[in-house]
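Q: Starting off with a structure, shown below.
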Amino acid sequence: QVQLVESGGGLVQAGGSLRLSCAASGLTFSSFVMGWFRQAPGKEREFVAAISRSGIATYYANSVKGRFTISRDNAKNTVYLQMNSLKPEDTAVYYCAAATMAATGSYNTRANEYDYWGQGTQVTVSS
């Protein structure tokens with residue numbers, strides 16, 4: 001069965017950095033668009049970043065653009081999210097997700113475009 005397992009979350013001070021990893025198994029990783037989402041307490045899950053199957057194309061939410069970088073290693077079946085200049089408002093549970101179909105003419109930014117989800121990893125940024 002498909003499994004997505006996130007790691008790398010934790011507690012960091014504002015301005016600090018974290019690198020999240022998501023290890024995938026049970027699927028042909030290079031055939032999937034991968035994305036990161038986050039959900040803060042009392043808020044809806046929101047899109048953070050997406051990366052194409054090859055890793056060439058990336059797309060970011062405006063709130064993280066210039067601070068976060070999504071990347072993937074298809075040989076290791078892993079997608080990463082490098083988070084720099086973290087802010088308290090970045091505090092959330094971060095989820096990775098895999099999409100079978102690439103959005104036509106755009107990027108996979110909606111949760112319902114993704115077929116598989118990880119269990120999430122907590123990121124807490126203190127002020």
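In the structure tokens, each chain is lettered A, B, ... as it comes, each chain's residues begin at 1, and ligands are numbered from 1 in order of appearance.
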As a list in words, please: the residues near Arg72 (chain A) (cut-off 9 Å, only C-alpha atoms, same-chain neighbours under 3 positions excluded).
A: Met34, Ile51, Arg53, Ser54, Gly55, Ala75, Lys76, Asn77, Thr78, Val79, Tyr80 and Leu81 of chain A
Q: Store the residues picked out above, limited to all heavy atoms, as a tab-separated table (two decimals), in the first residue's frame.
A:
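After the write, selection.tsv holds the following:
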chain	number	residue	atom	x	y	z
A	34	MET	N	4.09	15.96	-6.47
A	34	MET	CA	4.13	15.99	-5.01
A	34	MET	C	3.86	17.39	-4.49
A	34	MET	O	4.22	18.39	-5.13
A	34	MET	CB	5.50	15.52	-4.52
A	34	MET	CG	5.85	14.09	-4.91
A	34	MET	SD	4.70	12.86	-4.25
A	34	MET	CE	4.97	13.04	-2.49
A	51	ILE	N	5.59	20.33	-6.68
A	51	ILE	CA	6.72	20.08	-7.57
A	51	ILE	C	6.30	19.06	-8.62
A	51	ILE	O	5.59	18.09	-8.31
A	51	ILE	CB	7.96	19.63	-6.77
A	51	ILE	CG1	9.19	19.55	-7.66
A	51	ILE	CG2	7.70	18.30	-6.07
A	51	ILE	CD1	10.50	19.44	-6.86
A	53	ARG	N	6.68	16.11	-11.64
A	53	ARG	CA	7.22	14.76	-11.58
A	53	ARG	C	8.74	14.74	-11.75
A	53	ARG	O	9.44	13.99	-11.07
A	53	ARG	CB	6.56	13.89	-12.64
A	53	ARG	CG	5.06	13.71	-12.48
A	53	ARG	CD	4.50	12.85	-13.59
A	53	ARG	NE	3.08	12.59	-13.46
A	53	ARG	CZ	2.15	13.27	-14.10
A	53	ARG	NH1	2.48	14.24	-14.94
A	53	ARG	NH2	0.87	12.96	-13.92
A	54	SER	N	9.23	15.56	-12.62
A	54	SER	CA	10.67	15.58	-12.89
A	54	SER	C	11.44	16.43	-11.89
A	54	SER	O	12.66	16.28	-11.76
A	54	SER	CB	10.93	16.15	-14.29
A	54	SER	OG	10.54	17.52	-14.34
A	55	GLY	N	10.72	17.31	-11.21
A	55	GLY	CA	11.36	18.23	-10.28
A	55	GLY	C	11.75	19.55	-10.90
A	55	GLY	O	12.24	20.44	-10.21
A	75	ALA	N	15.35	9.16	-7.04
A	75	ALA	CA	16.12	7.94	-6.75
A	75	ALA	C	15.89	7.48	-5.31
A	75	ALA	O	16.02	6.30	-5.00
A	75	ALA	CB	17.60	8.18	-7.00
A	76	LYS	N	15.54	8.43	-4.45
A	76	LYS	CA	15.32	8.11	-3.03
A	76	LYS	C	13.84	8.12	-2.65
A	76	LYS	O	13.50	7.95	-1.48
A	76	LYS	CB	16.08	9.10	-2.15
A	76	LYS	CG	17.59	9.02	-2.29
A	76	LYS	CD	18.27	9.98	-1.33
A	76	LYS	CE	19.79	9.86	-1.42
A	76	LYS	NZ	20.48	10.79	-0.49
A	77	ASN	N	12.98	8.36	-3.64
A	77	ASN	CA	11.54	8.39	-3.37
A	77	ASN	C	11.20	9.38	-2.25
A	77	ASN	O	10.38	9.08	-1.36
A	77	ASN	CB	11.01	7.00	-3.02
A	77	ASN	CG	10.94	6.08	-4.21
A	77	ASN	OD1	11.32	6.45	-5.32
A	77	ASN	ND2	10.48	4.86	-4.00
A	78	THR	N	11.83	10.52	-2.29
A	78	THR	CA	11.67	11.48	-1.20
A	78	THR	C	11.45	12.89	-1.75
A	78	THR	O	12.11	13.29	-2.73
A	78	THR	CB	12.91	11.46	-0.29
A	78	THR	OG1	13.08	10.13	0.24
A	78	THR	CG2	12.74	12.42	0.88
A	79	VAL	N	10.56	13.61	-1.10
A	79	VAL	CA	10.35	15.02	-1.39
A	79	VAL	C	10.70	15.82	-0.14
A	79	VAL	O	10.50	15.34	0.99
A	79	VAL	CB	8.90	15.30	-1.86
A	79	VAL	CG1	7.88	14.94	-0.79
A	79	VAL	CG2	8.73	16.73	-2.32
A	80	TYR	N	11.25	17.00	-0.35
A	80	TYR	CA	11.74	17.82	0.75
A	80	TYR	C	11.05	19.19	0.74
A	80	TYR	O	10.60	19.68	-0.28
A	80	TYR	CB	13.25	18.03	0.62
A	80	TYR	CG	14.05	16.76	0.53
A	80	TYR	CD1	14.43	16.25	-0.71
A	80	TYR	CD2	14.42	16.05	1.67
A	80	TYR	CE1	15.17	15.09	-0.81
A	80	TYR	CE2	15.16	14.89	1.58
A	80	TYR	CZ	15.52	14.41	0.34
A	80	TYR	OH	16.24	13.25	0.24
A	81	LEU	N	11.05	19.80	1.91
A	81	LEU	CA	10.62	21.19	2.02
A	81	LEU	C	11.61	21.90	2.93
A	81	LEU	O	11.62	21.67	4.14
A	81	LEU	CB	9.20	21.30	2.58
A	81	LEU	CG	8.63	22.72	2.59
A	81	LEU	CD1	8.40	23.20	1.15
A	81	LEU	CD2	7.33	22.79	3.40
Q: Residues of chain A in strand (DSSP E) according to DSSP, as a count of residues only?
A: 61
Q: Would you kindly return, as JSON, numbers by chain, each protein, DNA or RNA residue with an atom no farther than 9 Å from any atom of Lys87 (chain A), considering only C-alpha atoms and excluding same-chain residues fewer than 4 positions away?
A: {"A": [13, 14, 15, 16, 91, 125, 126, 127]}
Q: Out of A:Leu20, A:Glu6, A:Glu89, A:Ala97, which residue has the shortest atom-to-atom distance to Thr69 (chain A) when counting only C-alpha atoms?
A: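 Under the stated criterion, the closest residue is A:Leu20.
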Q: As a PyMOL selection string, please: the residues near Ala98 (chain A) (cut-off 12 Å, only C-alpha atoms, same-chain neighbours under 3 positions excluded).
A: chain A and resi 2-5+22-37+49-53+77-79+95+101-102+108-118
